[in-house]
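The structure appears right after this line, and notes come after that.
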Amino acid sequence: MKVILLTEVKKLGKKGDVVEVAEGYGRNYLIAKGLAVEATEGRLKELQQQKEAANRRKEKELQEARSLAEKLKNIELVLYGKCGENGKLFGAITSKDIAEALEKNYQIKIDKRKLDLKENIKALGVYTVEVKLHPEVTAKLKVAVKEEGRG
């Protein structure tokens, strides 16, 4: 008997897989517990359409991430902070500050957790921050930290 798994089943497959199982196991366990449905022609077509839609959605997300990476490549984000001697900042520039500045100045909304800032910026200078936009796409963003009032 062929069934379509609705959830991951150990040693059998993951959600969406079509597997061949014994009649009793399929009807009395998998279908009864709601772990699978019988693989009819209609359900197989529906599953195929869902997989195609998911692939299109993933491809669209990838294209959007690549487009955003191109935009970020050409941006030098300037942030200002108060500093003392030797160019040390009072406080620090965090990934949250960078995300807020991107949204305010360029209308680009990026989750602060996608900014790969090894540690907070604590001195004046130009830094390169890696932005993880998609599992396959990362972008480099230049962040210049300047003294407040000096420009």
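Residues in the structure tokens are numbered from 1 in each chain, the chains being A, B, ... in the order shown, and ligands are numbered from 1 in the order shown.
Omitting Val78 in chain A and its sequence neighbours fewer than 2 positions away, and counting only C-alpha atoms, the residues within 8 Å are Glu76, Tyr80, Val143, Ala144, Val145 and Lys146 of chain A.
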Would you export the selected residues with C-alpha atoms as a short mmCIF file (atom, residue, chain, number, x, y, z; two decimals), in the first residue's frame, please?
```cif
data_model
loop_
_atom_site.label_atom_id
_atom_site.label_comp_id
_atom_site.auth_asym_id
_atom_site.auth_seq_id
_atom_site.Cartn_x
_atom_site.Cartn_y
_atom_site.Cartn_z
CA GLU A 76 28.21 52.61 3.10
CA TYR A 80 27.69 58.55 14.63
CA VAL A 143 29.63 50.52 8.24
CA ALA A 144 31.54 53.73 8.91
CA VAL A 145 31.54 54.94 12.51
CA LYS A 146 32.28 58.65 12.86
#
```
Identify all residues of range 11-111 of chain A in alpha helix (DSSP H) (DSSP on the backbone) and supply them as a VMD selection string. chain A and resid 23 to 25 41 to 73 95 to 106
If we count only C-alpha atoms and set the cut-off at 9 Å, which residues sit around range 105-108 of chain A, ignoring sequence neighbours fewer than 3 positions away in its own chain? Please answer as a PyMOL selection string. chain A and resi 68+75+77+99-102
With C-alpha atoms retained, could you export that selection as an mmCIF file, in the first residue's frame?
```
data_model
loop_
_atom_site.group_PDB
_atom_site.id
_atom_site.type_symbol
_atom_site.label_atom_id
_atom_site.label_comp_id
_atom_site.auth_asym_id
_atom_site.auth_seq_id
_atom_site.Cartn_x
_atom_site.Cartn_y
_atom_site.Cartn_z
ATOM 1 C CA LEU A 68 19.109 42.826 -1.749
ATOM 2 C CA ILE A 75 25.856 51.072 0.563
ATOM 3 C CA LEU A 77 26.182 53.086 6.235
ATOM 4 C CA ALA A 99 19.494 47.377 11.456
ATOM 5 C CA GLU A 100 17.616 50.496 12.629
ATOM 6 C CA ALA A 101 19.909 52.809 10.620
ATOM 7 C CA LEU A 102 19.425 50.688 7.477
#
```
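Nearest residue to Ile110 in chain A, choosing from A:Leu72, A:Cys83, A:Ala53, A:Leu124 and counting only C-alpha atoms: A:Leu72.
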CA of Gly34 in chain A to CA of Asn55 in chain A: how many Å, to one decimal? 25.7 Å
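Closest to Lys114 in chain A among A:Lys73, A:Lys82, A:Lys45, A:His134 is A:His134, based on only C-alpha atoms.
The gap separating CA of Leu62 in chain A from CA of Lys109 in chain A is 16.4 Å, in Å to one decimal.
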Long-range neighbours of Leu5 in chain A as JSON, numbers by chain, 7 Å cut-off, only C-alpha atoms, 6 positions minimum in chain: {"A": [14, 15, 16, 17, 18, 35, 36, 37]}
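What separates CA of Ala39 in chain A from CA of Lys58 in chain A is a distance of 25.5 Å.
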Spatial neighbours of range 117-120 of chain A, max dist 10 Å, only C-alpha atoms, sep filter under 3 positions, as JSON, numbers by chain: {"A": [91, 92, 93, 94, 95, 98, 112, 113, 114, 123, 127, 128, 129, 130, 131]}
Dump of C-alpha atoms for the selected residues, as a JSON list (two decimals), in the first residue's frame:
```json
[["chain", "number", "residue", "atom", "x", "y", "z"],
["A", 91, "GLY", "CA", 29.00, 52.70, 24.63],
["A", 92, "ALA", "CA", 29.00, 50.64, 21.45],
["A", 93, "ILE", "CA", 27.35, 50.23, 18.06],
["A", 94, "THR", "CA", 25.29, 47.02, 18.05],
["A", 95, "SER", "CA", 23.63, 44.97, 15.31],
["A", 98, "ILE", "CA", 22.87, 48.97, 12.30],
["A", 112, "LYS", "CA", 19.31, 42.23, 13.51],
["A", 113, "ARG", "CA", 20.02, 38.49, 13.93],
["A", 114, "LYS", "CA", 20.98, 38.29, 10.27],
["A", 123, "ALA", "CA", 35.84, 52.48, 18.13],
["A", 127, "TYR", "CA", 33.93, 48.03, 9.39],
["A", 128, "THR", "CA", 32.62, 45.28, 7.14],
["A", 129, "VAL", "CA", 29.59, 43.48, 8.49],
["A", 130, "GLU", "CA", 28.42, 40.22, 6.93],
["A", 131, "VAL", "CA", 24.66, 39.98, 6.35]]
```
Could you pull out the residues in range 11-149 of chain A that DSSP calls strand (DSSP E or B) from the backbone, as an NGL selection string? :A and (13 or 18-20 or 36-38 or 76-81 or 83 or 88-93 or 115-116 or 121-123 or 125-134 or 137-147)
